[in-house]
file protein21.cif (mmCIF, C-alpha atoms (C1' of nucleotides))
data_my_file
loop_
_atom_site.label_atom_id
_atom_site.label_comp_id
_atom_site.auth_asym_id
_atom_site.auth_seq_id
_atom_site.Cartn_x
_atom_site.Cartn_y
_atom_site.Cartn_z
CA MET A 256 -156.07 95.71 -6.18
CA THR A 257 -153.19 97.68 -7.61
CA THR A 258 -153.97 100.20 -10.31
CA ILE A 259 -151.67 100.05 -13.29
CA THR A 260 -150.91 103.53 -14.56
CA ALA A 261 -150.44 104.36 -18.22
CA ARG A 262 -146.78 104.94 -17.48
CA GLU A 263 -146.42 101.40 -16.13
CA ARG A 264 -148.34 99.90 -19.02
CA LEU A 265 -145.82 101.50 -21.36
CA ILE A 266 -142.94 100.12 -19.33
CA ASN A 267 -144.42 96.62 -19.44
CA ALA A 268 -144.95 96.95 -23.18
CA ALA A 269 -141.34 98.08 -23.59
CA VAL A 270 -140.10 95.05 -21.61
CA GLU A 271 -142.02 92.72 -23.90
CA ALA A 272 -140.84 94.43 -27.06
CA PHE A 273 -137.19 94.92 -26.08
CA ALA A 274 -136.88 91.31 -24.87
CA GLU A 275 -138.52 89.94 -28.01
CA LYS A 276 -136.85 91.99 -30.74
CA GLY A 277 -134.02 93.88 -29.08
CA PHE A 278 -133.82 97.60 -28.34
CA ALA A 279 -132.65 98.77 -31.78
CA ALA A 280 -135.23 96.70 -33.65
CA THR A 281 -138.11 97.91 -31.47
CA THR A 282 -140.07 100.94 -32.67
CA THR A 283 -141.81 103.39 -30.39
CA ARG A 284 -144.95 102.66 -32.42
CA ASP A 285 -144.64 99.00 -31.41
CA ILE A 286 -144.36 99.88 -27.73
CA ALA A 287 -147.34 102.22 -27.97
CA SER A 288 -149.56 99.69 -29.70
CA ARG A 289 -148.66 96.96 -27.21
CA ALA A 290 -149.80 99.36 -24.49
CA GLY A 291 -152.99 100.11 -26.46
CA MET A 292 -152.10 103.74 -27.04
CA SER A 293 -151.12 106.08 -29.84
CA PRO A 294 -147.44 106.57 -30.77
CA ALA A 295 -147.42 110.04 -29.24
CA ALA A 296 -148.54 108.72 -25.84
CA VAL A 297 -145.09 107.27 -25.24
CA TYR A 298 -143.71 110.80 -25.01
CA VAL A 299 -146.35 111.98 -22.59
CA HIS A 300 -144.93 109.63 -19.97
CA HIS A 301 -141.31 109.07 -21.01
CA ASP A 302 -138.59 111.32 -22.40
CA SER A 303 -137.26 109.03 -25.11
CA LYS A 304 -136.95 105.42 -26.19
CA GLU A 305 -133.59 105.25 -24.43
CA SER A 306 -134.98 106.59 -21.17
CA LEU A 307 -137.57 103.82 -21.29
CA LEU A 308 -134.72 101.34 -21.66
CA PHE A 309 -132.89 102.93 -18.75
CA THR A 310 -135.99 102.70 -16.55
CA VAL A 311 -136.27 98.97 -17.29
CA SER A 312 -132.55 98.34 -16.95
CA LEU A 313 -132.20 100.22 -13.68
CA GLN A 314 -135.16 98.42 -12.12
CA GLY A 315 -133.72 95.08 -13.26
CA HIS A 316 -130.29 95.82 -11.81
CA ARG A 317 -131.86 96.95 -8.54
CA ASN A 318 -133.85 93.72 -8.26
CA ALA A 319 -130.88 91.50 -9.09
CA LEU A 320 -128.70 93.21 -6.50
CA ASP A 321 -131.46 92.93 -3.92
CA ILE A 322 -131.82 89.20 -4.61
CA ILE A 323 -128.09 88.58 -4.17
CA ASN A 324 -127.88 90.63 -0.99
CA ARG A 325 -130.84 88.90 0.63
CA ALA A 326 -129.43 85.51 -0.34
CA ALA A 327 -126.04 86.38 1.13
CA ALA A 328 -127.71 87.16 4.44
CA ALA A 329 -129.80 83.99 4.49
CA SER A 330 -127.18 81.69 6.00
CA THR A 331 -124.06 81.96 8.13
CA ASP A 332 -122.59 78.73 6.81
CA PRO A 333 -120.33 79.70 3.87
CA VAL A 334 -121.15 76.62 1.80
CA GLU A 335 -124.87 76.99 2.27
CA ARG A 336 -124.56 80.70 1.59
CA ILE A 337 -122.98 80.03 -1.80
CA ARG A 338 -125.65 77.46 -2.55
CA ILE A 339 -128.44 79.90 -1.74
CA MET A 340 -126.83 82.82 -3.57
CA VAL A 341 -126.35 80.87 -6.79
CA TYR A 342 -129.80 79.31 -6.46
CA GLU A 343 -131.57 82.64 -6.01
CA PHE A 344 -129.52 84.47 -8.65
CA SER A 345 -130.18 81.78 -11.26
CA LEU A 346 -133.83 81.49 -10.26
CA TRP A 347 -134.30 85.23 -10.64
CA HIS A 348 -132.75 85.19 -14.10
CA ALA A 349 -135.02 82.33 -15.13
CA MET A 350 -138.19 83.84 -13.70
CA HIS A 351 -137.38 87.28 -15.07
CA SER A 352 -135.64 86.22 -18.25
CA ARG A 353 -137.21 89.02 -20.30
CA VAL A 354 -136.00 91.78 -18.00
CA GLY A 355 -132.74 89.90 -17.56
CA ARG A 356 -132.20 89.81 -21.31
CA ILE A 357 -132.65 93.56 -21.48
CA VAL A 358 -130.32 94.10 -18.53
CA GLN A 359 -127.60 91.92 -20.05
CA TRP A 360 -127.95 92.38 -23.79
CA GLU A 361 -128.95 96.01 -24.11
CA TYR A 362 -126.36 97.37 -21.69
CA HIS A 363 -124.43 98.92 -24.61
CA ALA A 364 -127.54 100.68 -25.95
CA LEU A 365 -127.67 102.93 -22.87
CA THR A 366 -126.15 106.39 -22.96
CA PRO A 367 -122.69 106.54 -21.36
CA GLU A 368 -124.16 108.29 -18.30
CA HIS A 369 -126.88 105.70 -17.81
CA ARG A 370 -124.44 102.89 -18.46
CA ALA A 371 -122.16 104.20 -15.74
CA GLU A 372 -125.09 104.29 -13.33
CA VAL A 373 -126.05 100.64 -13.80
CA ALA A 374 -122.39 99.60 -13.88
CA ALA A 375 -122.24 100.45 -10.17
CA PHE A 376 -124.93 97.86 -9.50
CA ARG A 377 -122.96 95.27 -11.45
CA ARG A 378 -119.83 95.89 -9.44
CA SER A 379 -121.85 95.62 -6.26
CA ILE A 380 -123.29 92.25 -7.32
CA GLU A 381 -119.81 90.94 -8.09
CA LYS A 382 -118.45 92.22 -4.82
CA THR A 383 -121.16 90.45 -2.81
CA MET A 384 -120.28 87.15 -4.46
CA GLN A 385 -116.54 87.71 -3.99
CA ASP A 386 -117.04 88.52 -0.31
CA ALA A 387 -118.99 85.31 0.19
CA LEU A 388 -116.14 83.31 -1.35
CA THR A 389 -113.49 85.16 0.65
CA ASP A 390 -115.38 84.50 3.89
CA GLY A 391 -115.62 80.79 3.10
CA VAL A 392 -111.92 80.53 2.27
CA GLU A 393 -111.01 82.28 5.52
CA HIS A 394 -113.16 79.82 7.44
CA GLY A 395 -111.39 76.96 5.66
CA VAL A 396 -114.56 75.44 4.26
CA LEU A 397 -114.15 76.76 0.74
CA ASP A 398 -111.18 76.18 -1.56
CA VAL A 399 -111.03 78.87 -4.24
CA ALA A 400 -107.78 79.84 -5.91
CA ASP A 401 -109.14 82.62 -8.12
CA ILE A 402 -111.82 84.47 -6.20
CA PRO A 403 -112.79 87.18 -8.72
CA GLY A 404 -112.77 84.71 -11.61
CA THR A 405 -114.75 82.10 -9.77
CA ALA A 406 -117.28 84.66 -8.51
CA PHE A 407 -117.80 85.82 -12.07
CA SER A 408 -118.21 82.27 -13.31
CA LEU A 409 -120.84 81.47 -10.68
CA LEU A 410 -122.81 84.54 -11.76
CA SER A 411 -122.33 83.61 -15.43
CA LEU A 412 -124.34 80.44 -14.96
CA GLY A 413 -127.39 82.50 -14.01
CA VAL A 414 -126.80 85.31 -16.48
CA ASP A 415 -126.51 82.92 -19.41
CA LEU A 416 -130.03 81.64 -18.68
CA VAL A 417 -131.56 84.78 -20.14
CA ARG A 418 -130.05 83.89 -23.52
CA TRP A 419 -132.37 80.94 -24.02
CA PHE A 420 -134.72 80.32 -21.06
CA GLU A 421 -138.42 80.50 -21.80
CA PRO A 422 -141.12 79.73 -19.20
CA GLY A 423 -142.98 76.56 -20.11
CA GLY A 424 -139.87 74.89 -21.55
CA SER A 425 -138.72 71.37 -20.67
CA ARG A 426 -136.97 72.46 -17.48
CA SER A 427 -138.30 74.72 -14.78
CA GLY A 428 -136.41 77.66 -13.38
CA ALA A 429 -136.22 75.97 -9.96
CA GLU A 430 -134.75 72.84 -11.50
CA LEU A 431 -132.02 74.82 -13.27
CA ALA A 432 -131.34 76.91 -10.18
CA THR A 433 -130.88 73.72 -8.14
CA LEU A 434 -128.50 72.36 -10.77
CA HIS A 435 -126.45 75.56 -10.75
CA ALA A 436 -126.37 75.64 -6.96
CA ASP A 437 -125.10 72.06 -6.80
CA LEU A 438 -122.44 72.78 -9.39
CA ALA A 439 -121.42 75.92 -7.50
CA VAL A 440 -120.88 73.96 -4.28
CA ARG A 441 -118.74 71.40 -6.10
CA MET A 442 -116.73 74.20 -7.72
CA THR A 443 -115.93 75.94 -4.46
CA SER A 444 -116.09 73.62 -1.45
CA ALA A 445 -112.96 72.24 0.19
CA ARG A 446 -112.75 68.47 0.33
CA MET B 772 -99.41 86.13 -48.93
CA THR B 773 -103.14 85.64 -49.05
CA THR B 774 -105.16 88.07 -51.11
CA ILE B 775 -108.20 89.48 -49.38
CA THR B 776 -111.09 89.82 -51.77
CA ALA B 777 -113.61 92.62 -51.64
CA ARG B 778 -116.19 90.07 -50.53
CA GLU B 779 -114.06 89.11 -47.54
CA ARG B 780 -113.34 92.73 -46.67
CA LEU B 781 -117.07 93.31 -46.47
CA ILE B 782 -117.49 90.25 -44.24
CA ASN B 783 -114.75 91.48 -41.92
CA ALA B 784 -116.36 94.91 -41.82
CA ALA B 785 -119.70 93.33 -40.99
CA VAL B 786 -118.15 91.35 -38.14
CA GLU B 787 -116.73 94.54 -36.64
CA ALA B 788 -119.96 96.47 -37.03
CA PHE B 789 -122.36 93.75 -35.87
CA ALA B 790 -120.20 92.94 -32.84
CA GLU B 791 -119.87 96.61 -31.89
CA LYS B 792 -123.40 97.89 -32.41
CA GLY B 793 -125.59 94.84 -32.95
CA PHE B 794 -127.22 93.70 -36.18
CA ALA B 795 -130.29 95.94 -36.07
CA ALA B 796 -128.33 99.07 -35.20
CA THR B 797 -125.78 98.50 -37.96
CA THR B 798 -126.45 100.17 -41.31
CA THR B 799 -125.32 98.83 -44.65
CA ARG B 800 -123.66 102.21 -45.18
CA ASP B 801 -121.59 101.60 -42.05
CA ILE B 802 -120.44 98.21 -43.29
CA ALA B 803 -119.55 99.65 -46.68
CA SER B 804 -117.54 102.53 -45.27
CA ARG B 805 -115.62 100.24 -42.88
CA ALA B 806 -114.66 98.23 -45.97
CA GLY B 807 -113.70 101.43 -47.78
CA MET B 808 -116.41 101.10 -50.38
CA SER B 809 -119.63 102.76 -51.46
CA PRO B 810 -122.98 101.64 -49.99
CA ALA B 811 -123.98 99.92 -53.22
CA ALA B 812 -120.85 97.73 -53.21
CA VAL B 813 -122.35 95.62 -50.42
CA TYR B 814 -124.98 94.36 -52.85
CA VAL B 815 -122.45 93.48 -55.54
CA HIS B 816 -121.06 90.76 -53.27
CA HIS B 817 -123.90 89.89 -50.91
CA ASP B 818 -127.65 89.47 -51.32
CA SER B 819 -128.79 91.39 -48.25
CA LYS B 820 -127.76 92.56 -44.81
CA GLU B 821 -129.25 89.39 -43.35
CA SER B 822 -127.33 87.13 -45.71
CA LEU B 823 -124.15 88.84 -44.53
CA LEU B 824 -125.16 88.01 -40.98
CA PHE B 825 -125.87 84.41 -41.98
CA THR B 826 -122.44 84.09 -43.61
CA VAL B 827 -120.76 85.28 -40.42
CA SER B 828 -122.96 83.18 -38.15
CA LEU B 829 -122.56 79.99 -40.15
CA GLN B 830 -118.79 80.34 -40.28
CA GLY B 831 -118.72 80.97 -36.52
CA HIS B 832 -120.86 77.94 -35.75
CA ARG B 833 -118.71 75.77 -38.02
CA ASN B 834 -115.53 76.88 -36.25
CA ALA B 835 -116.98 76.35 -32.77
CA LEU B 836 -118.15 72.85 -33.63
CA ASP B 837 -114.78 72.04 -35.14
CA ILE B 838 -113.00 73.22 -31.99
CA ILE B 839 -115.16 71.05 -29.73
CA ASN B 840 -114.80 67.98 -31.92
CA ARG B 841 -111.02 68.27 -32.13
CA ALA B 842 -110.82 68.78 -28.38
CA ALA B 843 -112.99 65.72 -27.73
CA ALA B 844 -110.57 63.61 -29.77
CA ALA B 845 -107.48 64.98 -28.06
CA SER B 846 -107.49 62.63 -25.07
CA THR B 847 -108.85 59.23 -24.16
CA ASP B 848 -108.94 59.97 -20.44
CA PRO B 849 -112.46 61.27 -19.69
CA VAL B 850 -111.32 63.81 -17.10
CA GLU B 851 -108.60 65.23 -19.30
CA ARG B 852 -111.00 65.23 -22.23
CA ILE B 853 -113.44 67.43 -20.31
CA ARG B 854 -110.63 69.70 -19.26
CA ILE B 855 -109.42 70.11 -22.85
CA MET B 856 -112.91 70.56 -24.27
CA VAL B 857 -113.84 73.31 -21.82
CA TYR B 858 -110.43 74.93 -22.19
CA GLU B 859 -110.58 75.05 -25.99
CA PHE B 860 -114.24 76.08 -26.13
CA SER B 861 -113.70 78.95 -23.69
CA LEU B 862 -110.46 79.95 -25.38
CA TRP B 863 -112.14 80.09 -28.77
CA HIS B 864 -114.92 82.31 -27.40
CA ALA B 865 -112.35 84.64 -25.85
CA MET B 866 -110.13 84.84 -28.94
CA HIS B 867 -113.10 85.22 -31.26
CA SER B 868 -115.36 87.20 -28.98
CA ARG B 869 -116.62 89.44 -31.79
CA VAL B 870 -117.73 86.56 -33.98
CA GLY B 871 -118.95 84.74 -30.87
CA ARG B 872 -121.09 87.69 -29.89
CA ILE B 873 -122.73 87.67 -33.31
CA VAL B 874 -123.24 83.91 -33.14
CA GLN B 875 -124.86 84.09 -29.72
CA TRP B 876 -126.65 87.43 -29.66
CA GLU B 877 -127.88 87.80 -33.21
CA TYR B 878 -129.26 84.29 -33.54
CA HIS B 879 -132.81 85.65 -33.44
CA ALA B 880 -132.12 88.14 -36.25
CA LEU B 881 -131.61 85.34 -38.75
CA THR B 882 -134.48 84.27 -41.01
CA PRO B 883 -136.27 81.14 -39.75
CA GLU B 884 -134.59 79.03 -42.47
CA HIS B 885 -131.10 80.27 -41.62
CA ARG B 886 -131.80 79.93 -37.92
CA ALA B 887 -132.77 76.29 -38.43
CA GLU B 888 -129.54 75.69 -40.29
CA VAL B 889 -127.26 76.98 -37.54
CA ALA B 890 -129.42 75.33 -34.87
CA ALA B 891 -128.16 71.97 -36.15
CA PHE B 892 -124.61 73.03 -35.30
CA ARG B 893 -125.70 74.01 -31.81
CA ARG B 894 -127.30 70.66 -31.17
CA SER B 895 -124.17 68.97 -32.43
CA ILE B 896 -121.97 70.98 -30.05
CA GLU B 897 -124.20 70.05 -27.11
CA LYS B 898 -124.23 66.41 -28.10
CA THR B 899 -120.44 66.23 -28.23
CA MET B 900 -120.24 67.58 -24.69
CA GLN B 901 -122.97 65.24 -23.44
CA ASP B 902 -121.25 62.24 -24.99
CA ALA B 903 -118.00 63.14 -23.26
CA LEU B 904 -119.80 63.27 -19.90
CA THR B 905 -121.65 60.01 -20.54
CA ASP B 906 -118.42 58.25 -21.42
CA GLY B 907 -116.77 59.47 -18.23
CA VAL B 908 -119.70 58.37 -16.07
CA GLU B 909 -119.66 54.92 -17.67
CA HIS B 910 -115.97 54.60 -16.91
CA GLY B 911 -116.67 55.57 -13.32
CA VAL B 912 -114.31 58.54 -13.32
CA LEU B 913 -116.95 61.22 -13.66
CA ASP B 914 -119.91 61.77 -11.35
CA VAL B 915 -122.66 63.71 -13.13
CA ALA B 916 -126.29 63.43 -12.10
CA ASP B 917 -127.77 65.68 -14.79
CA ILE B 918 -125.81 65.18 -18.01
CA PRO B 919 -127.70 67.54 -20.40
CA GLY B 920 -127.89 70.26 -17.76
CA THR B 921 -124.24 69.96 -16.78
CA ALA B 922 -123.10 69.85 -20.42
CA PHE B 923 -125.03 73.03 -21.07
CA SER B 924 -123.56 74.71 -18.00
CA LEU B 925 -120.01 73.85 -19.04
CA LEU B 926 -120.63 75.41 -22.44
CA SER B 927 -122.28 78.44 -20.79
CA LEU B 928 -119.02 79.39 -19.13
CA GLY B 929 -117.41 79.85 -22.54
CA VAL B 930 -120.42 81.38 -24.24
CA ASP B 931 -120.83 84.01 -21.55
CA LEU B 932 -117.32 85.28 -22.26
CA VAL B 933 -118.49 86.94 -25.47
CA ARG B 934 -120.76 89.19 -23.41
CA TRP B 935 -117.87 91.11 -21.91
CA PHE B 936 -114.45 89.81 -23.00
CA GLU B 937 -112.21 92.27 -24.82
CA PRO B 938 -108.65 91.49 -25.89
CA GLY B 939 -106.18 93.55 -23.90
CA GLY B 940 -108.24 93.41 -20.73
CA SER B 941 -106.91 92.50 -17.31
CA ARG B 942 -107.18 88.75 -17.94
CA SER B 943 -106.03 86.83 -20.97
CA GLY B 944 -108.18 84.33 -22.81
CA ALA B 945 -105.83 81.51 -21.84
CA GLU B 946 -106.09 82.47 -18.17
CA LEU B 947 -109.88 82.40 -18.27
CA ALA B 948 -109.92 79.16 -20.25
CA THR B 949 -107.68 77.55 -17.63
CA LEU B 950 -109.99 78.76 -14.87
CA HIS B 951 -113.05 77.37 -16.64
CA ALA B 952 -111.31 74.06 -17.31
CA ASP B 953 -110.36 73.70 -13.64
CA LEU B 954 -113.89 74.51 -12.53
CA ALA B 955 -115.27 72.03 -15.07
CA VAL B 956 -113.14 69.22 -13.66
CA ARG B 957 -114.30 69.99 -10.13
CA MET B 958 -117.91 70.07 -11.30
CA THR B 959 -117.78 66.67 -12.94
CA SER B 960 -115.05 64.43 -11.54
CA ALA B 961 -115.82 61.62 -9.10
CA ARG B 962 -113.92 61.80 -5.85
"C1'" DG C 1048 -163.58 127.16 -17.57
"C1'" DC C 1049 -159.47 125.16 -17.17
"C1'" DA C 1050 -155.89 121.60 -16.37
"C1'" DT C 1051 -154.95 116.77 -17.58
"C1'" DG C 1052 -154.27 112.86 -20.62
"C1'" DC C 1053 -154.48 111.63 -24.78
"C1'" DT C 1054 -154.50 111.59 -30.27
"C1'" DA C 1055 -154.12 112.88 -35.47
"C1'" DA C 1056 -151.04 114.44 -38.36
"C1'" DG C 1057 -146.73 115.23 -39.85
"C1'" DC C 1058 -141.56 116.60 -40.08
"C1'" DA C 1059 -136.72 115.79 -41.01
"C1'" DA C 1060 -133.63 112.27 -41.21
"C1'" DG C 1061 -132.12 107.87 -42.17
"C1'" DC C 1062 -133.12 103.14 -43.69
"C1'" DG C 1063 -132.35 98.81 -47.11
"C1'" DC C 1064 -131.90 98.27 -51.54
"C1'" DT C 1065 -132.05 99.39 -56.87
"C1'" DT C 1066 -130.81 101.41 -61.16
"C1'" DA C 1067 -128.09 103.37 -64.57
"C1'" DG C 1068 -123.75 104.10 -65.96
"C1'" DC C 1069 -118.61 104.98 -65.56
"C1'" DG C 1070 -113.64 103.56 -65.81
"C1'" DC C 1071 -110.23 100.39 -66.36
"C1'" DG C 1072 -107.80 96.03 -67.40
"C1'" DC C 1073 -107.46 92.52 -70.83
"C1'" DG C 1074 -107.90 89.68 -74.99
"C1'" DT C 1075 -108.32 90.33 -80.03
"C1'" DC C 1076 -107.53 91.87 -84.55
"C1'" DC C 1077 -105.22 94.06 -88.47
"C1'" DG D 151 -97.86 96.66 -81.46
"C1'" DG D 152 -101.17 100.12 -81.26
"C1'" DA D 153 -106.32 100.63 -81.63
"C1'" DC D 154 -110.38 98.71 -80.29
"C1'" DG D 155 -114.23 96.92 -77.73
"C1'" DC D 156 -116.09 94.36 -74.10
"C1'" DG D 157 -117.07 92.79 -69.53
"C1'" DC D 158 -116.24 93.19 -64.68
"C1'" DG D 159 -116.09 95.80 -60.35
"C1'" DC D 160 -117.54 99.55 -58.63
"C1'" DT D 161 -120.13 104.20 -57.70
"C1'" DA D 162 -123.58 108.31 -57.82
"C1'" DA D 163 -127.96 109.09 -57.24
"C1'" DG D 164 -132.13 108.19 -55.57
"C1'" DC D 165 -136.73 105.56 -54.53
"C1'" DG D 166 -140.18 104.29 -51.30
"C1'" DC D 167 -140.63 103.62 -46.72
"C1'" DT D 168 -139.94 103.82 -41.69
"C1'" DT D 169 -137.81 105.96 -37.90
"C1'" DG D 170 -137.84 108.91 -33.30
"C1'" DC D 171 -140.01 112.60 -31.96
"C1'" DT D 172 -143.02 117.15 -32.17
"C1'" DT D 173 -146.95 120.04 -32.59
"C1'" DA D 174 -151.50 121.48 -32.36
"C1'" DG D 175 -155.72 120.43 -30.68
"C1'" DC D 176 -159.66 117.75 -28.58
"C1'" DA D 177 -162.41 115.29 -24.91
"C1'" DT D 178 -163.12 114.55 -20.20
"C1'" DG D 179 -163.51 115.39 -15.18
"C1'" DC D 180 -163.42 118.70 -11.46
#
call {"tool": "encode", "arguments": {"input": "protein21.cif", "output": "structure tokens"}}
result
Amino acid sequence: MTTITARERLINAAVEAFAEKGFAATTTRDIASRAGMSPAAVYVHHDSKESLLFTVSLQGHRNALDIINRAAAASTDPVERIRIMVYEFSLWHAMHSRVGRIVQWEYHALTPEHRAEVAAFRRSIEKTMQDALTDGVEHGVLDVADIPGTAFSLLSLGVDLVRWFEPGGSRSGAELATLHADLAVRMTSAR
Amino acid sequence: MTTITARERLINAAVEAFAEKGFAATTTRDIASRAGMSPAAVYVHHDSKESLLFTVSLQGHRNALDIINRAAAASTDPVERIRIMVYEFSLWHAMHSRVGRIVQWEYHALTPEHRAEVAAFRRSIEKTMQDALTDGVEHGVLDVADIPGTAFSLLSLGVDLVRWFEPGGSRSGAELATLHADLAVRMTSAR
DNA sequence: GCATGCTAAGCAAGCGCTTAGCGCGCGTCC
DNA sequence: GGACGCGCGCTAAGCGCTTGCTTAGCATGC
């Protein structure tokens, strides 16, 4: 059994609140009460509301990059690699749509320093996808004219899930991830 | 020469502010000063901050639906129709990324009544895209297993532009729209 | 008997929105 | 055609409330 510290309870409460109402519309009193604590308790464990956002955002970026990197290493066949990368990236955004929403929509609410820090993760995610496309083109099994643009579009499919996906809806995350993966293969494979 | 009324100047100021900082982080004083007026002037022409958001959102939804409908009528060939629809939808989101951002990101900040009103436009946009796919499948020139899911994904490409697109960036709106249209044809056409 | 983890209370600032009233352009009248 | 008055578009001031965050202090476990 893992013990959940007060600090972590506050982070979880912040994820709920930020995803539901947005960073600017969330009050520190709301976060505290979701964690079952007094408003002042937030500042015992975190420096500011923004630093709480940064903690969530950084963790989310780390996870997303990890998912993409593992997926890229899961197959040596370029077509299958793209399929797996898009599948896993979309699945992650569906399964973690609340964190994903914070990562994607509250990017601008970070301080410039914090924003720069997570921007590095974003570039890394894009590069991994671009490298996978480049490799496939060089092996002659993928046909992609615009590699950066196509890489971005493949990631967009997953990212856009956080705008509307809710667990328990009419379509499961796995179903949508499979759809995206199929579309990705059609978009990129040579014929 | 068209005369810009004070009401319209406030709407334009609200578009700038909401797109830049988000609805919740925007103050009515900010909107007023961008329009070169006093804080109270906002309430001479608009009922509330939310009604200003609704005005912007409704206008944006109307325009987007109009764009999709015109594009759907622009060709009788199902493949070309999809190409044009995706091109125009993505182009609109690039050229109007500030309004698009408000339409997409501030949807939840509307009152339930206003949200229901714009939701009808969203369903209509999705239906137009689904109908175009269905027509192409029936004519045997498109091959789409999951019509609602694919329609949504095609629209996602355009919608996701508002998350990051800025005029004057390294890629033009037309360039991105062409890319999306090409990808859309590959995703849907029978071979 | 003291550090740790928390709370009650509150501060300064800023919020959406209201109220009371000012100035100016325009139609009206002698 | 000049004086007048009225209504429209706007502003100065501010009300009641909420915000992020701080401070002082209390209970609990070692």
call {"tool": "interface_residues", "arguments": {"input": "protein21.cif", "of": "chain B", "to": "chain C", "cutoff": "10 Å", "atoms": "all atoms listed in the file", "output": "PyMOL selection string"}}
result
chain B and resi 798-800+810-811+813-814+818-820
call {"tool": "interface_residues", "arguments": {"input": "protein21.cif", "of": "chain D", "to": "chain A", "cutoff": "9 Å", "atoms": "all atoms listed in the file", "output": "list in words"}}
result
DT169, DG170, DC171 and DT172 of chain D
call {"tool": "interface_residues", "arguments": {"input": "protein21.cif", "of": "chain B", "to": "chain A", "cutoff": "6 Å", "atoms": "all atoms listed in the file", "output": "PyMOL selection string"}}
result
chain B and resi 795-796+954+957-958
call {"tool": "resolve_selection", "arguments": {"input": "protein21.cif", "expression": "the PyMOL selection byres ((chain D and resi 160) around 8)", "output": "ChimeraX atom specification"}}
result
/B:812 /D:159,161
call {"tool": "resolve_selection", "arguments": {"input": "protein21.cif", "expression": "the PyMOL selection byres ((chain B and resi 855) around 8)", "output": "MDAnalysis selection string"}}
result
chainID B and resid 842:843 845 851:854 856:859 952
call {"tool": "atom_distance", "arguments": {"input": "protein21.cif", "atom1": "CA of Val815 in chain B", "atom2": "CA of Arg778 in chain B"}}
result
8.7 Å
call {"tool": "atom_distance", "arguments": {"input": "protein21.cif", "atom1": "CA of Val870 in chain B", "atom2": "CA of Val827 in chain B"}}
result
7.2 Å
call {"tool": "closest_residue", "arguments": {"input": "protein21.cif", "among": "A:Ala272, A:Val373, A:Ala445, A:Ala287", "to": "Arg317 in chain A", "atoms": "only C-alpha atoms"}}
result
A:Val373
